[in-house]
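A.B. asks: What follows is a single structure, and I will ask about it in a moment.
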2 protein chains.
Amino acid sequence: MKAIEWLDDRVRILDQTQLPGKEAYLELNRHQDIASAIKALKIRGAPAIGVAGAYAVALGALKIKTTSKAEFLKDLRNIIQTIAATRPTARNLPRALERMQQTAEAVKDVEQVKKALVTKAIAIHSEEAAATLKLSKLGSELIKDGFTVLTHCNTGPLATAGYGTALGVIIQAHEQGKKLKVLATETRPLLQGARLTAWELKEAGIPFTLITDSMAGYFMSKGEIDCVIVGADRIALNGDTANKIGTYTLAVLAKENNIPFYVAAPLTTVDPALASGAEIPIELRSPDEVTHIQGVSIAPEGIEALNPAFDVTPHPYITAIITEGGIIRQPFEEGIKNIFTNKSNSEIQKQG
Amino acid sequence: MKAIEWLDDRVRILDQTQLPGKEAYLELNRHQDIASAIKALKIRGAPAIGVAGAYAVALGALKIKTTSKAEFLKDLRNIIQTIAATRPTARNLPRALERMQQTAEAVKDVEQVKKALVTKAIAIHSEEAAATLKLSKLGSELIKDGFTVLTHCNTGPLATAGYGTALGVIIQAHEQGKKLKVLATETRPLLQGARLTAWELKEAGIPFTLITDSMAGYFMSKGEIDCVIVGADRIALNGDTANKIGTYTLAVLAKENNIPFYVAAPLTTVDPALASGAEIPIELRSPDEVTHIQGVSIAPEGIEALNPAFDVTPHPYITAIITEGGIIRQPFEEGIKNIFTNKSNSEIQKQG
């Protein structure tokens with residue numbers, strides 16, 4: 001199973017809206033179709049949509065006809081804007097698009113640029129996969145033998161086009177032979193927990209129990225949860241974290257019950273340009289996702305519903321942020337600054 | 001619309017599992033059928049199942065053939081046990097059954113007992129209805145003009161066979177001309193919020209927005225909720241309150257965001273014999289209610305799920321408990337004791 005795969009002139013994605021009932025793949029060769037797939041959550045998860053966005057730029061670039069670099073860049077900007085407009089919250093998508101833009105600007109010849117963009121998109125994919133494997137290994141030290149771990153939404157290979165973030169940490173701890181049990185929240189409205197995390201945990205052979213989102217507090221208050229671990233869509237410099245709606249609630253419940261609350265994400269999810277979570281744009285999706293479940297109406301016709309797809313967990317609720325650059329503890333701002341300084345130093349050394 | 005109605009030799013109930021799609025009524029004349037209807041949540045809500053239980057005893061009693069009082073009481077005990085075994089958490093059901101039992105014991109002649117049981121069941125129904133109207137009026141003072149009120153599960157006429165508890169308070173405030181907005185949680189797994197509260201709010205003409213359970217924290221943290229009001233299934237002497245799963249979470253979130261958290265319930269929900277919520281039995285329902293929504297599977301086949309139907313909110317999270325005997329504030333134990341002392345005094349005066 002691969003969430004997304006580059007096939008030279010097209011990408012193949014696993015349509016996540018059809019899981020777990022059907023394992024259906026889509027082959028797309030137009031950037032607009034990838035944009036639509038991202039909007040419709042056929043591919044989702046912050047790291048995975050970063051990768052999909054990069055591939056979409058590469059596919060769009062391959063179709064640009066001009067030999068003028070200026071015209072090429074103009075067309076490319078339109079392509080990038082289309083992809084950027086799909087989903088506002090995750091940092092990974094604009095980060096990947098920025099890198100593609102920089103790549104295009106750095107090379108003179110249009111044909112060379114196209115090749116460079118394909119190479120860069122593949123590199124973004126493999127870097128993201130490597131980052132999630134590394135953070136999963138680092139984070140696994142926090143998961144002790146015998147733990148019951150609560151997780152939310154879906155953060156495994158499907159969400160990351162790699163190893164996983166929160167679920168990657170869990171899978172890594174399991175592969176180390178630790179005896180674990182997972183409580184997975186179903187994650188309404190779109191049921192990524194019930195549909196995708198349950199599917200990935202079943203595949204991985206990790207014992208788990210599915211619960212509704214409203215049950216997490218019950219099990220925490222009964223002392224049945226050893227830690228909570230979630231992914232992230234965007235992390236501000238102070239550690240405030242946007243993640244799937246319901247995450248803030250789990251963080252408050254964890255604090256109230258003295259349970260460690262961990263966030264796992266690659267550094268591409270971190271947005272050091274944002275001072276705090278107040279500046280993170282929160283996607284509002286269609287009310288139909290609330291009033292309907294898998295197309296079936298669950299409420300009276302014509303009523304009003306709201307559907308914020310994410311919430312922001314203020315940093316004081318977070319015990320640690322697990323990244324491939326290390327496990328960051330409070331004060332997060334200092335830790336994040338250090339990692340980004342080291343990272344740009346080592347990137348300069350690599351390039352130099 | 002009546003949730004439950006006595007029709008001399010049978011009861012008519014509105015099948016709440018079919019709402020909001022279909023307004024279907026069932027006429028039942030066997031106590032076993034009412035027991036099944038309670039188990040299947042065709043009638044639900046703590047006050048309403050108390051009323052249904054009383055009617056079930058009356059119907060069961062009418063069918064007992066013996067003229068021996070001793071044999072009659074033996075048969076009646078079996079009937080009462082069948083009904084008591086349906087759902088363990090709500091206090092109202094065993095309370096109503098105790099009152100029916102006492103009525104049966106107090107009268108000598110079997111035919112007279114049958115009449116007395118019918119009269120008592122009708123009295124329990126009208127007392128419960130009157131209690132919910134009174135508590136709704138009392139509680140409405142807590143709901144100010146312009147408030148946005150968050151509520152959970154369903155606590156209106158459907159749930160109470162009367163005026164309502166939490167939703168009764170809201171409807172009462174609305175009828176007083178206060179401008180209100182309600183945020184209603186869908187209340188997974190069985191969607192009583194999306195299906196029933198939305199239906200009742202729409203009928204009442206009160207502006208409301210449906211959200212998933214996981215979104216309540218988001219709106220609280222944004223300062224958009226003025227108070228939370230919920231019903232109860234059982235309240236211990238110290239104020240600890242069992243209510244629909246997810247209530248504890250809302251209470252923790254309300255405390256964290258300095259939002260008043262109110263519980264509304266008739267005194268038949270209060271169980272002064274229980275010192276604390278730790279002693280309240282919590283119903284575990286079928287995992288199928290988690291893995292399926294309205295019969296449609298939402299998770300991989302054969303996985304494990306858990307389905308506690310209630311949780312207990314410790315009393316420190318509760319701002320006030322609204323009853324027909326008055327609004328009780330901390331320390332709840334003192335307030336509850338006072339009301340029950342006054343109540344038994346006035347009952348003694350009434351009888352005397």
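Identifiers in the structure tokens: chain A, B, ... in order shown; residue index from 1 per chain; ligand index from 1 in order shown.
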Using only C-alpha atoms and a distance of at most 7 Å, pull out the residues of chain B that contact chain A, as a PDB file with N, CA and C atoms, in the first residue's frame.
C.D. replies:
```pdb
ATOM      1  N   PRO B  20     -35.203  11.584  12.910  1.00  0.00           N
ATOM      2  CA  PRO B  20     -36.241  12.507  12.450  1.00  0.00           C
ATOM      3  C   PRO B  20     -36.876  12.088  11.128  1.00  0.00           C
ATOM      4  N   ARG B 188     -22.720  11.245  19.451  1.00  0.00           N
ATOM      5  CA  ARG B 188     -22.414   9.871  19.058  1.00  0.00           C
ATOM      6  C   ARG B 188     -22.358   9.024  20.317  1.00  0.00           C
ATOM      7  N   PRO B 189     -22.639   7.722  20.273  1.00  0.00           N
ATOM      8  CA  PRO B 189     -22.893   6.978  19.040  1.00  0.00           C
ATOM      9  C   PRO B 189     -24.318   7.067  18.483  1.00  0.00           C
ATOM     10  N   ALA B 194     -28.244  15.112  17.049  1.00  0.00           N
ATOM     11  CA  ALA B 194     -28.500  15.379  15.625  1.00  0.00           C
ATOM     12  C   ALA B 194     -29.923  14.991  15.234  1.00  0.00           C
ATOM     13  N   ARG B 195     -30.391  13.875  15.789  1.00  0.00           N
ATOM     14  CA  ARG B 195     -31.700  13.368  15.369  1.00  0.00           C
ATOM     15  C   ARG B 195     -32.853  13.998  16.151  1.00  0.00           C
ATOM     16  N   ALA B 198     -32.145  18.352  17.493  1.00  0.00           N
ATOM     17  CA  ALA B 198     -32.308  19.189  16.300  1.00  0.00           C
ATOM     18  C   ALA B 198     -33.784  19.239  15.891  1.00  0.00           C
ATOM     19  N   TRP B 199     -34.440  18.116  15.966  1.00  0.00           N
ATOM     20  CA  TRP B 199     -35.869  18.028  15.606  1.00  0.00           C
ATOM     21  C   TRP B 199     -36.702  18.876  16.561  1.00  0.00           C
ATOM     22  N   PHE B 208     -30.498  27.311  16.041  1.00  0.00           N
ATOM     23  CA  PHE B 208     -29.467  26.405  16.565  1.00  0.00           C
ATOM     24  C   PHE B 208     -28.522  25.984  15.463  1.00  0.00           C
ATOM     25  N   THR B 209     -27.371  25.493  15.913  1.00  0.00           N
ATOM     26  CA  THR B 209     -26.346  24.978  15.016  1.00  0.00           C
ATOM     27  C   THR B 209     -25.938  23.603  15.514  1.00  0.00           C
ATOM     28  N   LEU B 210     -25.894  22.656  14.614  1.00  0.00           N
ATOM     29  CA  LEU B 210     -25.452  21.302  14.959  1.00  0.00           C
ATOM     30  C   LEU B 210     -23.933  21.217  14.800  1.00  0.00           C
ATOM     31  N   ILE B 211     -23.285  20.608  15.791  1.00  0.00           N
ATOM     32  CA  ILE B 211     -21.835  20.376  15.688  1.00  0.00           C
ATOM     33  C   ILE B 211     -21.543  18.932  16.093  1.00  0.00           C
ATOM     34  N   THR B 212     -20.368  18.446  15.733  1.00  0.00           N
ATOM     35  CA  THR B 212     -19.972  17.131  16.242  1.00  0.00           C
ATOM     36  C   THR B 212     -19.513  17.308  17.697  1.00  0.00           C
ATOM     37  N   ASP B 213     -19.474  16.207  18.434  1.00  0.00           N
ATOM     38  CA  ASP B 213     -19.076  16.257  19.843  1.00  0.00           C
ATOM     39  C   ASP B 213     -17.682  16.864  19.992  1.00  0.00           C
ATOM     40  N   SER B 214     -16.823  16.602  19.020  1.00  0.00           N
ATOM     41  CA  SER B 214     -15.427  17.034  19.093  1.00  0.00           C
ATOM     42  C   SER B 214     -15.248  18.533  18.881  1.00  0.00           C
ATOM     43  N   MET B 215     -16.311  19.231  18.490  1.00  0.00           N
ATOM     44  CA  MET B 215     -16.198  20.664  18.185  1.00  0.00           C
ATOM     45  C   MET B 215     -16.535  21.565  19.370  1.00  0.00           C
ATOM     46  N   GLY B 217     -15.253  22.000  22.285  1.00  0.00           N
ATOM     47  CA  GLY B 217     -14.092  22.686  22.854  1.00  0.00           C
ATOM     48  C   GLY B 217     -13.647  23.848  21.991  1.00  0.00           C
ATOM     49  N   TYR B 218     -13.698  23.668  20.696  1.00  0.00           N
ATOM     50  CA  TYR B 218     -13.314  24.730  19.757  1.00  0.00           C
ATOM     51  C   TYR B 218     -14.156  25.985  20.004  1.00  0.00           C
ATOM     52  N   ILE B 245     -22.662   9.833  27.711  1.00  0.00           N
ATOM     53  CA  ILE B 245     -21.216   9.838  27.442  1.00  0.00           C
ATOM     54  C   ILE B 245     -20.839  11.143  26.712  1.00  0.00           C
ATOM     55  N   GLY B 246     -19.776  11.755  27.180  1.00  0.00           N
ATOM     56  CA  GLY B 246     -19.344  13.028  26.602  1.00  0.00           C
ATOM     57  C   GLY B 246     -19.627  14.204  27.517  1.00  0.00           C
ATOM     58  N   TYR B 248     -18.926  14.513  30.787  1.00  0.00           N
ATOM     59  CA  TYR B 248     -17.737  14.813  31.590  1.00  0.00           C
ATOM     60  C   TYR B 248     -16.760  15.690  30.801  1.00  0.00           C
ATOM     61  N   THR B 249     -16.569  15.350  29.538  1.00  0.00           N
ATOM     62  CA  THR B 249     -15.674  16.125  28.672  1.00  0.00           C
ATOM     63  C   THR B 249     -16.135  17.580  28.562  1.00  0.00           C
ATOM     64  N   VAL B 252     -15.340  19.424  31.799  1.00  0.00           N
ATOM     65  CA  VAL B 252     -13.922  19.769  31.940  1.00  0.00           C
ATOM     66  C   VAL B 252     -13.592  20.967  31.039  1.00  0.00           C
ATOM     67  N   LEU B 253     -14.089  20.936  29.824  1.00  0.00           N
ATOM     68  CA  LEU B 253     -13.857  22.047  28.888  1.00  0.00           C
ATOM     69  C   LEU B 253     -14.480  23.338  29.403  1.00  0.00           C
ATOM     70  N   VAL B 290     -21.026   1.686  17.896  1.00  0.00           N
ATOM     71  CA  VAL B 290     -19.848   2.503  17.576  1.00  0.00           C
ATOM     72  C   VAL B 290     -19.362   2.214  16.151  1.00  0.00           C
ATOM     73  N   ILE B 298     -18.905   1.682   9.533  1.00  0.00           N
ATOM     74  CA  ILE B 298     -17.982   2.810   9.301  1.00  0.00           C
ATOM     75  C   ILE B 298     -16.541   2.433   9.610  1.00  0.00           C
ATOM     76  N   ALA B 299     -16.288   1.158   9.909  1.00  0.00           N
ATOM     77  CA  ALA B 299     -14.954   0.726  10.336  1.00  0.00           C
ATOM     78  C   ALA B 299     -14.668  -0.640   9.713  1.00  0.00           C
ATOM     79  N   PRO B 300     -13.392  -1.059   9.723  1.00  0.00           N
ATOM     80  CA  PRO B 300     -13.094  -2.391   9.187  1.00  0.00           C
ATOM     81  C   PRO B 300     -13.877  -3.467   9.952  1.00  0.00           C
ATOM     82  N   GLU B 304     -12.411  -4.398  17.461  1.00  0.00           N
ATOM     83  CA  GLU B 304     -12.961  -4.229  18.804  1.00  0.00           C
ATOM     84  C   GLU B 304     -13.383  -2.772  19.021  1.00  0.00           C
ATOM     85  N   ALA B 305     -14.513  -2.601  19.676  1.00  0.00           N
ATOM     86  CA  ALA B 305     -14.953  -1.253  20.045  1.00  0.00           C
ATOM     87  C   ALA B 305     -15.560  -1.313  21.437  1.00  0.00           C
ATOM     88  N   LEU B 306     -15.580  -0.185  22.126  1.00  0.00           N
ATOM     89  CA  LEU B 306     -16.213  -0.110  23.442  1.00  0.00           C
ATOM     90  C   LEU B 306     -17.289   0.959  23.409  1.00  0.00           C
ATOM     91  N   ASN B 307     -18.322   0.764  24.220  1.00  0.00           N
ATOM     92  CA  ASN B 307     -19.477   1.645  24.135  1.00  0.00           C
ATOM     93  C   ASN B 307     -20.107   1.943  25.496  1.00  0.00           C
ATOM     94  N   ASP B 311     -21.152   8.756  31.330  1.00  0.00           N
ATOM     95  CA  ASP B 311     -19.974   8.992  32.160  1.00  0.00           C
ATOM     96  C   ASP B 311     -20.411   9.770  33.387  1.00  0.00           C
TER      97      ASP B 311
END
```
A.B. asks: B:Gln18: which residues within 9 Å, counting only C-alpha atoms, same-chain residues fewer than 4 positions away excluded, as a PDB file with all heavy atoms, in the first residue's frame?
C.D. replies:
```pdb
ATOM      1  N   LEU B  14     -43.923   7.058  20.797  1.00  0.00           N
ATOM      2  CA  LEU B  14     -43.312   7.517  19.550  1.00  0.00           C
ATOM      3  C   LEU B  14     -41.967   6.797  19.441  1.00  0.00           C
ATOM      4  O   LEU B  14     -41.143   6.881  20.352  1.00  0.00           O
ATOM      5  CB  LEU B  14     -43.121   9.038  19.616  1.00  0.00           C
ATOM      6  CG  LEU B  14     -42.371   9.710  18.464  1.00  0.00           C
ATOM      7  CD1 LEU B  14     -43.006   9.396  17.113  1.00  0.00           C
ATOM      8  CD2 LEU B  14     -42.346  11.230  18.684  1.00  0.00           C
ATOM      9  N   LYS B  22     -38.876   9.631  10.336  1.00  0.00           N
ATOM     10  CA  LYS B  22     -40.247   9.103  10.337  1.00  0.00           C
ATOM     11  C   LYS B  22     -40.854   9.264  11.720  1.00  0.00           C
ATOM     12  O   LYS B  22     -40.233   8.943  12.727  1.00  0.00           O
ATOM     13  CB  LYS B  22     -40.179   7.599   9.985  1.00  0.00           C
ATOM     14  CG  LYS B  22     -41.374   7.082   9.220  1.00  0.00           C
ATOM     15  CD  LYS B  22     -41.060   5.733   8.590  1.00  0.00           C
ATOM     16  CE  LYS B  22     -42.058   4.685   8.985  1.00  0.00           C
ATOM     17  NZ  LYS B  22     -41.624   3.343   8.537  1.00  0.00           N
ATOM     18  N   GLU B  23     -42.093   9.752  11.765  1.00  0.00           N
ATOM     19  CA  GLU B  23     -42.810   9.910  13.029  1.00  0.00           C
ATOM     20  C   GLU B  23     -43.731   8.702  13.178  1.00  0.00           C
ATOM     21  O   GLU B  23     -44.904   8.748  12.801  1.00  0.00           O
ATOM     22  CB  GLU B  23     -43.592  11.226  12.977  1.00  0.00           C
ATOM     23  CG  GLU B  23     -43.814  11.847  14.325  1.00  0.00           C
ATOM     24  CD  GLU B  23     -44.364  13.274  14.225  1.00  0.00           C
ATOM     25  OE1 GLU B  23     -43.869  14.049  13.380  1.00  0.00           O
ATOM     26  OE2 GLU B  23     -45.271  13.575  14.987  1.00  0.00           O
ATOM     27  N   ALA B  24     -43.198   7.611  13.718  1.00  0.00           N
ATOM     28  CA  ALA B  24     -43.941   6.348  13.784  1.00  0.00           C
ATOM     29  C   ALA B  24     -44.293   6.017  15.232  1.00  0.00           C
ATOM     30  O   ALA B  24     -43.449   6.139  16.121  1.00  0.00           O
ATOM     31  CB  ALA B  24     -43.099   5.230  13.186  1.00  0.00           C
ATOM     32  N   LYS B  42     -36.214   2.917  21.864  1.00  0.00           N
ATOM     33  CA  LYS B  42     -37.378   3.471  21.155  1.00  0.00           C
ATOM     34  C   LYS B  42     -38.027   4.534  22.027  1.00  0.00           C
ATOM     35  O   LYS B  42     -38.573   5.504  21.528  1.00  0.00           O
ATOM     36  CB  LYS B  42     -38.354   2.341  20.819  1.00  0.00           C
ATOM     37  CG  LYS B  42     -37.765   1.425  19.768  1.00  0.00           C
ATOM     38  CD  LYS B  42     -38.649   0.273  19.393  1.00  0.00           C
ATOM     39  CE  LYS B  42     -37.918  -0.592  18.376  1.00  0.00           C
ATOM     40  NZ  LYS B  42     -38.731  -1.722  17.921  1.00  0.00           N
ATOM     41  N   ARG B 195     -30.391  13.875  15.789  1.00  0.00           N
ATOM     42  CA  ARG B 195     -31.700  13.368  15.369  1.00  0.00           C
ATOM     43  C   ARG B 195     -32.853  13.998  16.151  1.00  0.00           C
ATOM     44  O   ARG B 195     -33.855  14.404  15.573  1.00  0.00           O
ATOM     45  CB  ARG B 195     -31.764  11.843  15.546  1.00  0.00           C
ATOM     46  CG  ARG B 195     -30.763  11.075  14.658  1.00  0.00           C
ATOM     47  CD  ARG B 195     -31.024   9.578  14.699  1.00  0.00           C
ATOM     48  NE  ARG B 195     -30.914   9.040  16.039  1.00  0.00           N
ATOM     49  CZ  ARG B 195     -31.949   8.653  16.807  1.00  0.00           C
ATOM     50  NH1 ARG B 195     -33.181   8.730  16.343  1.00  0.00           N
ATOM     51  NH2 ARG B 195     -31.747   8.185  18.018  1.00  0.00           N
TER      52      ARG B 195
END
```
A.B. asks: According to DSSP computed on the backbone, where in stretch 11-141 of chain A is there helix (DSSP H, G or I)? Give the residues as a ChimeraX atom specification.
C.D. replies: /A:16-18,31-39,46-62,69-84,92-106,110-141
A.B. asks: Which of these, A:Val113, A:Leu97, A:Ala242, A:Ala106, has the shortest distance to A:Ile64 once you count only C-alpha atoms?
C.D. replies: A:Val113
A.B. asks: Find the residues around stretch 49-63 of chain A up to 6 Å (only C-alpha atoms counted), leave out those fewer than 2 positions away in its own chain, and share them as a VMD selection string.
C.D. replies: chain A and resid 31 44 46 to 47 92 to 93 96 114 117 to 118 121 125
A.B. asks: Restricting it to N, CA, C and O atoms, dump the selection as a JSON list (two decimals), in the first residue's frame.
C.D. replies:
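Saved as part24.json:
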```json
[["chain", "number", "residue", "atom", "x", "y", "z"],
["A", 31, "HIS", "N", -2.58, 18.74, -12.75],
["A", 31, "HIS", "CA", -2.46, 19.31, -11.39],
["A", 31, "HIS", "C", -3.83, 19.66, -10.83],
["A", 31, "HIS", "O", -4.05, 19.57, -9.62],
["A", 44, "ARG", "N", -5.05, 12.89, 2.12],
["A", 44, "ARG", "CA", -5.13, 13.86, 3.22],
["A", 44, "ARG", "C", -4.06, 13.52, 4.24],
["A", 44, "ARG", "O", -3.38, 12.51, 4.15],
["A", 46, "ALA", "N", -1.34, 16.13, 6.76],
["A", 46, "ALA", "CA", -0.48, 17.26, 6.44],
["A", 46, "ALA", "C", 0.74, 16.87, 5.60],
["A", 46, "ALA", "O", 0.99, 17.46, 4.54],
["A", 47, "PRO", "N", 1.54, 15.87, 6.03],
["A", 47, "PRO", "CA", 2.71, 15.55, 5.20],
["A", 47, "PRO", "C", 2.31, 15.03, 3.81],
["A", 47, "PRO", "O", 2.93, 15.41, 2.80],
["A", 92, "ASN", "N", 2.59, 21.98, 5.73],
["A", 92, "ASN", "CA", 3.41, 21.20, 4.80],
["A", 92, "ASN", "C", 3.14, 21.55, 3.34],
["A", 92, "ASN", "O", 4.05, 21.52, 2.52],
["A", 93, "LEU", "N", 1.89, 21.87, 3.02],
["A", 93, "LEU", "CA", 1.54, 22.16, 1.63],
["A", 93, "LEU", "C", 2.20, 23.47, 1.15],
["A", 93, "LEU", "O", 2.95, 23.43, 0.16],
["A", 96, "ALA", "N", 5.98, 22.94, 0.84],
["A", 96, "ALA", "CA", 6.39, 22.19, -0.36],
["A", 96, "ALA", "C", 6.29, 23.08, -1.60],
["A", 96, "ALA", "O", 7.18, 23.05, -2.47],
["A", 114, "LYS", "N", 11.87, 21.90, -15.68],
["A", 114, "LYS", "CA", 10.88, 20.82, -15.57],
["A", 114, "LYS", "C", 11.50, 19.60, -14.92],
["A", 114, "LYS", "O", 10.93, 18.99, -14.01],
["A", 117, "LEU", "N", 12.11, 20.21, -11.29],
["A", 117, "LEU", "CA", 10.89, 20.19, -10.48],
["A", 117, "LEU", "C", 10.46, 18.75, -10.17],
["A", 117, "LEU", "O", 10.03, 18.44, -9.06],
["A", 118, "VAL", "N", 10.59, 17.88, -11.16],
["A", 118, "VAL", "CA", 10.27, 16.46, -10.93],
["A", 118, "VAL", "C", 11.22, 15.89, -9.88],
["A", 118, "VAL", "O", 10.79, 15.23, -8.92],
["A", 121, "ALA", "N", 10.29, 17.25, -6.44],
["A", 121, "ALA", "CA", 9.07, 16.66, -5.87],
["A", 121, "ALA", "C", 9.37, 15.27, -5.31],
["A", 121, "ALA", "O", 8.92, 14.92, -4.21],
["A", 125, "HIS", "N", 9.21, 14.07, -1.35],
["A", 125, "HIS", "CA", 8.54, 12.85, -0.91],
["A", 125, "HIS", "C", 9.48, 11.98, -0.07],
["A", 125, "HIS", "O", 9.14, 11.55, 1.03]]
```
A.B. asks: Stretch 202-261 of chain B: which residues are strand (DSSP E) by DSSP, as a list in words?
C.D. replies: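 For stretch 202-261 of chain B, the strand (DSSP E) set is Phe208, Thr209, Leu210, Ile211, Cys227, Val228, Ile229, Val230, Arg234, Ile235, Ala236, Thr241, Ala242, Asn243, Lys244 and Phe261 of chain B.
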A.B. asks: Would you save the residues of that selection, restricted to N, CA and C atoms, as an mmCIF file, in the first residue's frame?
C.D. replies:
```
data_model
loop_
_atom_site.group_PDB
_atom_site.id
_atom_site.type_symbol
_atom_site.label_atom_id
_atom_site.label_comp_id
_atom_site.auth_asym_id
_atom_site.auth_seq_id
_atom_site.Cartn_x
_atom_site.Cartn_y
_atom_site.Cartn_z
ATOM 1 N N PHE B 208 -30.498 27.311 16.041
ATOM 2 C CA PHE B 208 -29.467 26.405 16.565
ATOM 3 C C PHE B 208 -28.522 25.984 15.463
ATOM 4 N N THR B 209 -27.371 25.493 15.913
ATOM 5 C CA THR B 209 -26.346 24.978 15.016
ATOM 6 C C THR B 209 -25.938 23.603 15.514
ATOM 7 N N LEU B 210 -25.894 22.656 14.614
ATOM 8 C CA LEU B 210 -25.452 21.302 14.959
ATOM 9 C C LEU B 210 -23.933 21.217 14.800
ATOM 10 N N ILE B 211 -23.285 20.608 15.791
ATOM 11 C CA ILE B 211 -21.835 20.376 15.688
ATOM 12 C C ILE B 211 -21.543 18.932 16.093
ATOM 13 N N CYS B 227 -23.024 29.441 28.297
ATOM 14 C CA CYS B 227 -23.179 28.422 29.341
ATOM 15 C C CYS B 227 -23.444 27.076 28.686
ATOM 16 N N VAL B 228 -23.191 26.032 29.476
ATOM 17 C CA VAL B 228 -23.492 24.659 29.044
ATOM 18 C C VAL B 228 -24.605 24.161 29.943
ATOM 19 N N ILE B 229 -25.594 23.495 29.359
ATOM 20 C CA ILE B 229 -26.645 22.913 30.179
ATOM 21 C C ILE B 229 -26.961 21.514 29.663
ATOM 22 N N VAL B 230 -26.961 20.572 30.579
ATOM 23 C CA VAL B 230 -27.188 19.163 30.223
ATOM 24 C C VAL B 230 -28.222 18.565 31.177
ATOM 25 N N ARG B 234 -28.453 10.120 36.641
ATOM 26 C CA ARG B 234 -28.481 9.858 38.077
ATOM 27 C C ARG B 234 -27.526 10.849 38.758
ATOM 28 N N ILE B 235 -27.995 11.419 39.837
ATOM 29 C CA ILE B 235 -27.193 12.390 40.591
ATOM 30 C C ILE B 235 -26.996 11.848 42.003
ATOM 31 N N ALA B 236 -25.738 11.702 42.419
ATOM 32 C CA ALA B 236 -25.447 11.204 43.768
ATOM 33 C C ALA B 236 -25.601 12.338 44.781
ATOM 34 N N THR B 241 -22.641 13.548 38.851
ATOM 35 C CA THR B 241 -23.760 13.352 37.929
ATOM 36 C C THR B 241 -23.411 12.413 36.782
ATOM 37 N N ALA B 242 -24.173 11.324 36.679
ATOM 38 C CA ALA B 242 -24.063 10.467 35.498
ATOM 39 C C ALA B 242 -24.973 11.023 34.423
ATOM 40 N N ASN B 243 -24.437 11.158 33.229
ATOM 41 C CA ASN B 243 -25.246 11.610 32.092
ATOM 42 C C ASN B 243 -24.609 11.029 30.834
ATOM 43 N N LYS B 244 -25.229 11.266 29.713
ATOM 44 C CA LYS B 244 -24.787 10.729 28.424
ATOM 45 C C LYS B 244 -23.274 10.853 28.247
ATOM 46 N N PHE B 261 -21.502 25.595 34.037
ATOM 47 C CA PHE B 261 -21.943 24.265 33.594
ATOM 48 C C PHE B 261 -23.121 23.842 34.472
#
```
A.B. asks: If we count only C-alpha atoms, what is near A:His315 at a cut-off of 10 Å, once residues fewer than 6 positions away on the same chain are taken out, given as a list in words?
C.D. replies: Ile235, Ala236, Leu237, Asn238, Gly239, Asp240, Thr241, Ala251, Ser276, Gly277, Ile321, Gln330, Pro331, Phe332 and Glu333 of chain A
A.B. asks: In Å, how far is it from atom CA of A:Ile124 to atom CA of A:Thr319?
C.D. replies: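 So the answer is 28.8 Å.
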A.B. asks: So, with only C-alpha atoms as the atoms that count, which of B:Ala275, B:Ala85, B:Leu7, B:Leu267 lies closest to B:Asn29?
C.D. replies: B:Leu7
A.B. asks: Would you compute the distance between atom CA of A:Thr103 and atom CA of A:Lys115? Give it in Å to one decimal.
C.D. replies: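 These two atoms are separated by 10.3 Å.
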A.B. asks: At a cut-off of 8 Å, using only C-alpha atoms, what residues contact B:Gly326? Leave out same-chain residues fewer than 2 positions from it and give the result as a JSON list (two decimals) with N, CA and C atoms, in the first residue's frame.
C.D. replies:
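Result saved to out10.json:
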```json
[["chain", "number", "residue", "atom", "x", "y", "z"],
["B", 135, "LEU", "N", -39.02, 22.90, 36.92],
["B", 135, "LEU", "CA", -37.56, 23.11, 36.92],
["B", 135, "LEU", "C", -37.14, 23.94, 35.71],
["B", 138, "LEU", "N", -37.79, 27.50, 36.70],
["B", 138, "LEU", "CA", -36.79, 27.95, 37.66],
["B", 138, "LEU", "C", -35.44, 28.16, 36.98],
["B", 322, "ILE", "N", -30.22, 22.19, 38.60],
["B", 322, "ILE", "CA", -31.55, 22.79, 38.53],
["B", 322, "ILE", "C", -32.59, 21.70, 38.75],
["B", 323, "THR", "N", -33.37, 21.79, 39.81],
["B", 323, "THR", "CA", -34.45, 20.83, 40.07],
["B", 323, "THR", "C", -35.75, 21.59, 40.29],
["B", 324, "GLU", "N", -36.85, 20.86, 40.36],
["B", 324, "GLU", "CA", -38.14, 21.52, 40.64],
["B", 324, "GLU", "C", -38.20, 22.00, 42.09],
["B", 328, "ILE", "N", -29.80, 24.23, 43.01],
["B", 328, "ILE", "CA", -28.87, 23.85, 44.08],
["B", 328, "ILE", "C", -27.46, 24.24, 43.67],
["B", 339, "ILE", "N", -33.50, 19.83, 50.31],
["B", 339, "ILE", "CA", -34.67, 19.66, 49.44],
["B", 339, "ILE", "C", -35.41, 18.38, 49.75]]
```
A.B. asks: By how many Å are atom CA of A:Thr67 and atom CA of A:Glu105 apart?
C.D. replies: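 Atom CA of A:Glu105 lies 14.4 Å from atom CA of A:Thr67.
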